[in-house]
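All remarks here apply to the structure that follows.
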Protein chains: 2
Amino acid sequence: MQLPEAKGKFIEAWGKLGSEWGINRTMAQVHALLLVSPNELTTEEIMEELKISRGNANMTLRDLISWGLVEKQHKAGERKEYFYADKDTWNIARQVAKERRKRELDPIIKILDELSKVEGDSKDEAFKTFNKSVTDINKLAKNVDKTLETMLKAEENWFWKSIFKMFK
Amino acid sequence: MQLPEAKGKFIEAWGKLGSEWGINRTMAQVHALLLVSPNELTTEEIMEELKISRGNANMTLRDLISWGLVEKQHKAGERKEYFYADKDTWNIARQVAKERRKRELDPIIKILDELSKVEGDSKDEAFKTFNKSVTDINKLAKNVDKTLETMLKAEENWFWKSIFKMFK
DNA sequence: TTTAACTTTCAAAACAATTTGAAAGTTTAT
DNA sequence: ATAAACTTTCAAATTGTTTTGAAAGTTAAA
């Protein structure tokens, strides 16, 4: 297999994976393209390579920036904007975990907290089951949340540091 | 807030979370409904409560069963089938991790392995970057895979056992 | 300030995923 | 064997998501 073909396969696979995890396919593909590009690319080049429209490229790049996965670069004397992806796998994972925590975990914990407060007849099976499921899930969610917080903010934490080593 | 309202909110929230993580909304909602139901429900009851069609209910329940989250029950002397969800949060998490590993992680590792083999000119920046990104991601994916395998098969493993305790 | 290079927006179009419902299939009791 | 109770299937319809592209907006050099 030659590089261009391999590149295409990588972009496709990354796109598919993204879409299976609730990330827009094009966004994952643009990210993949930037990941395998040694230097920054312009909107034009991205449009060209992935055969997507200007509007799509623009919005997708904005999203990637808001996810902290891509940065705008600004070359002296040039009008065009260049885009560049952080290529450190660990940073990518951290960044995705951080964003999803903020965007999804936090809101659902808020709801679960409310639902945990619902009171009812402790002899009512329907209530008992509701309550048990909700409080159990809430507990797990909070543990995940706390764990992520620790992991994300502290490489200085000896415990997580040793866990991270296993993954690098 | 009263129980029926709370139930509705829980179902809605679980559905939304599911869809953000690539799980069909209805499937997550049916799961949620079964999670808060003390006893098994029939297809009819599920259709009724969630206002979905028979076909949809049927397919969704099959999916949930294939994910190992729901079981069919068969009451003596009755023709109808009843459905029941395991309510142990930890089992749910295990089951989802197990399935997604099989369905998504394994296939992408296979592709990454292939792409890692691609050879090229080590002076070519394009090749170097491609290779670095692909092998790095492959390494991380394999580590996640190994970790999940260990976690999933072994509660007997002292190390993971102590980690699990933190979450329960 | 004008112009040209470039970026952003967003309504409409294209595409993708989900859902419906009626028909076909299956099972069990009689 | 037939009927009744129930389950499954799948083509078509609906709904939801993504993409386009042209127009509007912005910026910076002249």
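Going through the structure tokens in order, the chains are called A, B, and so on, while each chain numbers its residues from 1 and the ligands are numbered from 1 in the order shown.
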Chain B post-superposition (all in-order Cα pairs with chain A) as an mmCIF file with C-alpha atoms, in the first residue's frame:
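For reference, selection.cif as written:
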```
data_model
loop_
_atom_site.group_PDB
_atom_site.id
_atom_site.type_symbol
_atom_site.label_atom_id
_atom_site.label_comp_id
_atom_site.auth_asym_id
_atom_site.auth_seq_id
_atom_site.Cartn_x
_atom_site.Cartn_y
_atom_site.Cartn_z
ATOM 1 C CA MET B 1 -0.023 -0.005 0.035
ATOM 2 C CA GLN B 2 1.252 3.404 -0.866
ATOM 3 C CA LEU B 3 1.052 6.540 1.225
ATOM 4 C CA PRO B 4 -1.853 8.284 -0.544
ATOM 5 C CA GLU B 5 -4.017 5.173 -0.295
ATOM 6 C CA ALA B 6 -3.051 4.659 3.329
ATOM 7 C CA LYS B 7 -3.843 8.260 4.093
ATOM 8 C CA GLY B 8 -7.294 7.834 2.581
ATOM 9 C CA LYS B 9 -7.928 4.725 4.619
ATOM 10 C CA PHE B 10 -6.868 6.422 7.787
ATOM 11 C CA ILE B 11 -9.157 9.366 7.128
ATOM 12 C CA GLU B 12 -12.033 7.033 6.392
ATOM 13 C CA ALA B 13 -11.451 4.925 9.488
ATOM 14 C CA TRP B 14 -11.134 7.923 11.771
ATOM 15 C CA GLY B 15 -14.321 9.356 10.303
ATOM 16 C CA LYS B 16 -16.199 6.143 10.887
ATOM 17 C CA LEU B 17 -14.977 5.827 14.440
ATOM 18 C CA GLY B 18 -15.998 9.402 15.107
ATOM 19 C CA SER B 19 -19.496 8.897 13.797
ATOM 20 C CA GLU B 20 -19.918 5.794 15.949
ATOM 21 C CA TRP B 21 -19.092 7.937 18.956
ATOM 22 C CA GLY B 22 -21.349 10.856 18.178
ATOM 23 C CA ILE B 23 -18.789 13.023 16.440
ATOM 24 C CA ASN B 24 -19.686 14.325 13.029
ATOM 25 C CA ARG B 25 -17.932 12.268 10.382
ATOM 26 C CA THR B 26 -16.549 15.197 8.431
ATOM 27 C CA MET B 27 -15.156 16.738 11.573
ATOM 28 C CA ALA B 28 -13.295 13.543 12.401
ATOM 29 C CA GLN B 29 -12.031 13.340 8.820
ATOM 30 C CA VAL B 30 -10.701 16.869 8.803
ATOM 31 C CA HIS B 31 -9.008 16.089 12.085
ATOM 32 C CA ALA B 32 -7.502 12.949 10.608
ATOM 33 C CA LEU B 33 -6.228 14.834 7.602
ATOM 34 C CA LEU B 34 -4.550 17.410 9.803
ATOM 35 C CA LEU B 35 -3.106 14.651 11.981
ATOM 36 C CA VAL B 36 -1.210 13.158 9.082
ATOM 37 C CA SER B 37 -0.136 16.483 7.593
ATOM 38 C CA PRO B 38 3.325 17.608 8.575
ATOM 39 C CA ASN B 39 2.438 21.231 8.085
ATOM 40 C CA GLU B 40 -0.515 23.508 8.485
ATOM 41 C CA LEU B 41 -3.171 23.439 5.782
ATOM 42 C CA THR B 42 -5.398 26.139 4.388
ATOM 43 C CA THR B 43 -9.169 25.877 4.138
ATOM 44 C CA GLU B 44 -8.682 25.582 0.395
ATOM 45 C CA GLU B 45 -6.389 22.579 0.696
ATOM 46 C CA ILE B 46 -8.750 20.838 3.074
ATOM 47 C CA MET B 47 -11.726 21.444 0.785
ATOM 48 C CA GLU B 48 -9.735 20.092 -2.097
ATOM 49 C CA GLU B 49 -8.431 16.989 -0.401
ATOM 50 C CA LEU B 50 -11.693 15.932 1.237
ATOM 51 C CA LYS B 51 -14.000 17.248 -1.500
ATOM 52 C CA ILE B 52 -16.100 19.320 0.831
ATOM 53 C CA SER B 53 -17.605 22.760 0.415
ATOM 54 C CA ARG B 54 -16.165 25.968 1.756
ATOM 55 C CA GLY B 55 -18.986 26.415 4.245
ATOM 56 C CA ASN B 56 -18.605 22.915 5.569
ATOM 57 C CA ALA B 57 -14.843 23.252 5.888
ATOM 58 C CA ASN B 58 -15.208 26.527 7.703
ATOM 59 C CA MET B 59 -17.745 25.295 10.226
ATOM 60 C CA THR B 60 -15.948 22.043 10.806
ATOM 61 C CA LEU B 61 -12.690 23.854 11.491
ATOM 62 C CA ARG B 62 -14.431 26.151 13.943
ATOM 63 C CA ASP B 63 -15.804 23.116 15.742
ATOM 64 C CA LEU B 64 -12.419 21.467 15.874
ATOM 65 C CA ILE B 65 -10.988 24.627 17.330
ATOM 66 C CA SER B 66 -13.747 24.791 19.943
ATOM 67 C CA TRP B 67 -12.900 21.213 20.871
ATOM 68 C CA GLY B 68 -9.312 22.320 21.344
ATOM 69 C CA LEU B 69 -8.031 19.849 18.777
ATOM 70 C CA VAL B 70 -6.936 22.277 16.092
ATOM 71 C CA GLU B 71 -5.322 25.690 16.084
ATOM 72 C CA LYS B 72 -5.359 28.565 13.677
ATOM 73 C CA GLN B 73 -1.992 29.781 12.507
ATOM 74 C CA HIS B 74 -1.326 33.063 11.042
ATOM 75 C CA LYS B 75 1.660 33.434 8.751
ATOM 76 C CA ALA B 76 3.461 36.760 8.584
ATOM 77 C CA GLY B 77 2.675 38.610 5.398
ATOM 78 C CA GLU B 78 -0.117 36.215 4.418
ATOM 79 C CA ARG B 79 -3.830 36.782 4.401
ATOM 80 C CA LYS B 80 -4.788 33.120 4.464
ATOM 81 C CA GLU B 81 -5.356 31.251 7.681
ATOM 82 C CA TYR B 82 -3.616 27.992 8.294
ATOM 83 C CA PHE B 83 -4.820 25.148 10.463
ATOM 84 C CA TYR B 84 -2.762 22.784 12.494
ATOM 85 C CA ALA B 85 -3.618 19.799 14.686
ATOM 86 C CA ASP B 86 -1.852 18.845 17.866
ATOM 87 C CA LYS B 87 -0.416 15.405 17.168
ATOM 88 C CA ASP B 88 0.154 14.202 20.710
ATOM 89 C CA THR B 89 -2.213 11.281 21.139
ATOM 90 C CA TRP B 90 -2.427 11.766 24.852
ATOM 91 C CA ASN B 91 -3.385 15.413 24.475
ATOM 92 C CA ILE B 92 -6.068 14.463 22.004
ATOM 93 C CA ALA B 93 -7.558 11.958 24.414
ATOM 94 C CA ARG B 94 -7.375 14.453 27.273
ATOM 95 C CA GLN B 95 -8.992 17.150 25.227
ATOM 96 C CA VAL B 96 -11.862 14.951 24.091
ATOM 97 C CA ALA B 97 -12.436 13.693 27.615
ATOM 98 C CA LYS B 98 -12.414 17.220 28.927
ATOM 99 C CA GLU B 99 -14.916 18.513 26.412
ATOM 100 C CA ARG B 100 -17.302 15.611 26.660
ATOM 101 C CA ARG B 101 -17.238 15.868 30.406
ATOM 102 C CA LYS B 102 -18.207 19.510 30.231
ATOM 103 C CA ARG B 103 -20.759 19.110 27.458
ATOM 104 C CA GLU B 104 -22.427 15.866 28.455
ATOM 105 C CA LEU B 105 -21.477 14.435 31.800
ATOM 106 C CA ASP B 106 -22.006 17.615 33.793
ATOM 107 C CA PRO B 107 -25.526 18.247 32.439
ATOM 108 C CA ILE B 108 -26.672 14.712 33.100
ATOM 109 C CA ILE B 109 -25.346 14.773 36.634
ATOM 110 C CA LYS B 110 -27.373 17.896 37.229
ATOM 111 C CA ILE B 111 -30.520 16.095 36.107
ATOM 112 C CA LEU B 112 -29.729 12.984 38.106
ATOM 113 C CA ASP B 113 -29.205 15.085 41.208
ATOM 114 C CA GLU B 114 -32.684 16.513 40.789
ATOM 115 C CA LEU B 115 -34.214 13.149 40.125
ATOM 116 C CA SER B 116 -32.497 11.688 43.186
ATOM 117 C CA LYS B 117 -34.453 14.125 45.296
ATOM 118 C CA VAL B 118 -37.851 12.862 44.161
ATOM 119 C CA GLU B 119 -39.666 11.462 47.150
ATOM 120 C CA GLY B 120 -42.215 8.710 47.305
ATOM 121 C CA ASP B 121 -43.770 5.841 49.147
ATOM 122 C CA SER B 122 -41.010 3.456 50.135
ATOM 123 C CA LYS B 123 -43.474 0.571 49.866
ATOM 124 C CA ASP B 124 -44.170 1.373 46.236
ATOM 125 C CA GLU B 125 -42.096 -0.947 44.058
ATOM 126 C CA ALA B 126 -42.205 1.501 41.172
ATOM 127 C CA PHE B 127 -40.754 4.209 43.347
ATOM 128 C CA LYS B 128 -38.148 1.936 44.894
ATOM 129 C CA THR B 129 -36.869 0.765 41.535
ATOM 130 C CA PHE B 130 -36.806 4.250 40.079
ATOM 131 C CA ASN B 131 -34.932 5.528 43.067
ATOM 132 C CA LYS B 132 -32.409 2.734 43.107
ATOM 133 C CA SER B 133 -31.587 3.003 39.408
ATOM 134 C CA VAL B 134 -31.327 6.768 39.479
ATOM 135 C CA THR B 135 -29.170 6.961 42.570
ATOM 136 C CA ASP B 136 -26.911 4.148 41.373
ATOM 137 C CA ILE B 137 -26.350 5.767 38.022
ATOM 138 C CA ASN B 138 -25.836 9.094 39.702
ATOM 139 C CA LYS B 139 -23.189 7.594 41.938
ATOM 140 C CA LEU B 140 -21.321 6.066 39.018
ATOM 141 C CA ALA B 141 -21.554 9.257 37.002
ATOM 142 C CA LYS B 142 -20.176 11.281 39.877
ATOM 143 C CA ASN B 143 -17.320 8.879 40.335
ATOM 144 C CA VAL B 144 -16.451 9.062 36.671
ATOM 145 C CA ASP B 145 -16.680 12.824 36.878
ATOM 146 C CA LYS B 146 -14.376 13.054 39.887
ATOM 147 C CA THR B 147 -11.926 10.662 38.303
ATOM 148 C CA LEU B 148 -11.810 12.634 35.090
ATOM 149 C CA GLU B 149 -11.312 15.838 36.987
ATOM 150 C CA THR B 150 -8.371 14.395 38.826
ATOM 151 C CA MET B 151 -6.886 12.860 35.727
ATOM 152 C CA LEU B 152 -7.307 15.976 33.680
ATOM 153 C CA LYS B 153 -5.889 18.445 36.045
ATOM 154 C CA ALA B 154 -3.166 16.472 37.599
ATOM 155 C CA GLU B 155 -0.331 14.741 35.953
ATOM 156 C CA GLU B 156 1.373 15.600 39.228
ATOM 157 C CA ASN B 157 -0.822 13.079 41.049
ATOM 158 C CA TRP B 158 1.441 10.100 41.750
ATOM 159 C CA PHE B 159 -1.317 7.592 41.420
ATOM 160 C CA TRP B 160 -2.542 8.685 38.019
ATOM 161 C CA LYS B 161 0.954 9.303 36.847
ATOM 162 C CA SER B 162 1.708 5.633 37.306
ATOM 163 C CA ILE B 163 -1.506 4.654 35.568
ATOM 164 C CA PHE B 164 -0.744 6.942 32.638
ATOM 165 C CA LYS B 165 2.603 5.290 32.144
ATOM 166 C CA MET B 166 0.819 2.085 31.314
ATOM 167 C CA PHE B 167 -0.853 3.798 28.391
ATOM 168 C CA LYS B 168 1.952 5.705 26.837
#
```
Report task. Write out as an MDAnalysis selection string all residues of region 93-168 of chain B that backbone DSSP assigns to alpha helix (DSSP H). Result -> chainID B and resid 93:100 106:117 125:153 158:167
Report task. Give me, as number ranges by chain, the contact residues of chain C against chain A at a cut-off of 9 Å, counting only C-alpha atoms (C1' of nucleotides). Result -> C: 5-9
Keeping only N, CA and C atoms (P, O5', C5', C4', C3', O3' and C1' of nucleotides), take the residues you just selected and write them out as a compact mmCIF listing (two decimals), in the first residue's frame.
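What ended up in again-v7.txt:
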```txt
# COMPACT_ATOMS: atom_id res chain seq x y z
P DA C 5 -7.26 39.31 -5.51
O5' DA C 5 -7.09 38.64 -4.09
C5' DA C 5 -6.11 39.12 -3.17
C4' DA C 5 -6.48 38.61 -1.80
C3' DA C 5 -6.82 37.12 -1.79
O3' DA C 5 -6.04 36.50 -0.79
C1' DA C 5 -8.52 38.39 -0.72
P DC C 6 -5.92 34.94 -0.68
O5' DC C 6 -7.02 34.66 0.44
C5' DC C 6 -6.82 35.27 1.73
C4' DC C 6 -8.16 35.36 2.43
C3' DC C 6 -8.86 34.02 2.69
O3' DC C 6 -8.57 33.61 4.02
C1' DC C 6 -10.35 35.85 2.33
P DT C 7 -9.33 32.32 4.64
O5' DT C 7 -10.61 32.98 5.33
C5' DT C 7 -10.44 33.99 6.32
C4' DT C 7 -11.79 34.27 6.96
C3' DT C 7 -12.47 33.04 7.55
O3' DT C 7 -12.90 33.41 8.84
C1' DT C 7 -13.93 34.13 6.02
P DT C 8 -13.65 32.38 9.81
O5' DT C 8 -15.19 32.74 9.56
C5' DT C 8 -15.64 34.05 9.89
C4' DT C 8 -17.10 34.17 9.51
C3' DT C 8 -18.01 33.08 10.10
O3' DT C 8 -18.94 33.77 10.93
C1' DT C 8 -18.46 33.42 7.79
P DT C 9 -20.05 32.96 11.75
O5' DT C 9 -21.32 33.03 10.79
C5' DT C 9 -21.76 34.31 10.32
C4' DT C 9 -22.90 34.11 9.36
C3' DT C 9 -23.97 33.14 9.86
O3' DT C 9 -25.20 33.83 9.81
C1' DT C 9 -23.32 32.61 7.63
```
Requested in this report: Fewer than 5 positions away in the same chain doesn't count, so skip those; otherwise give me all residues within 12 Å of DA24 (chain C), counting only C-alpha atoms (C1' of nucleotides), as a list in words.
Outcome: DT7, DT8, DT9 and DC10 of chain D
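With only C-alpha atoms (C1' of nucleotides) as the basis for measurement, C:DC15 is the residue among C:DA23, C:DC10, C:DC15, C:DA4 that approaches DT19 (chain D) most closely.
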Report task. Quick one: pick out all strand (DSSP E) residues within chain A from a backbone DSSP run and write them as a PyMOL selection string. Result -> chain A and resi 41-42+70-74+81-85
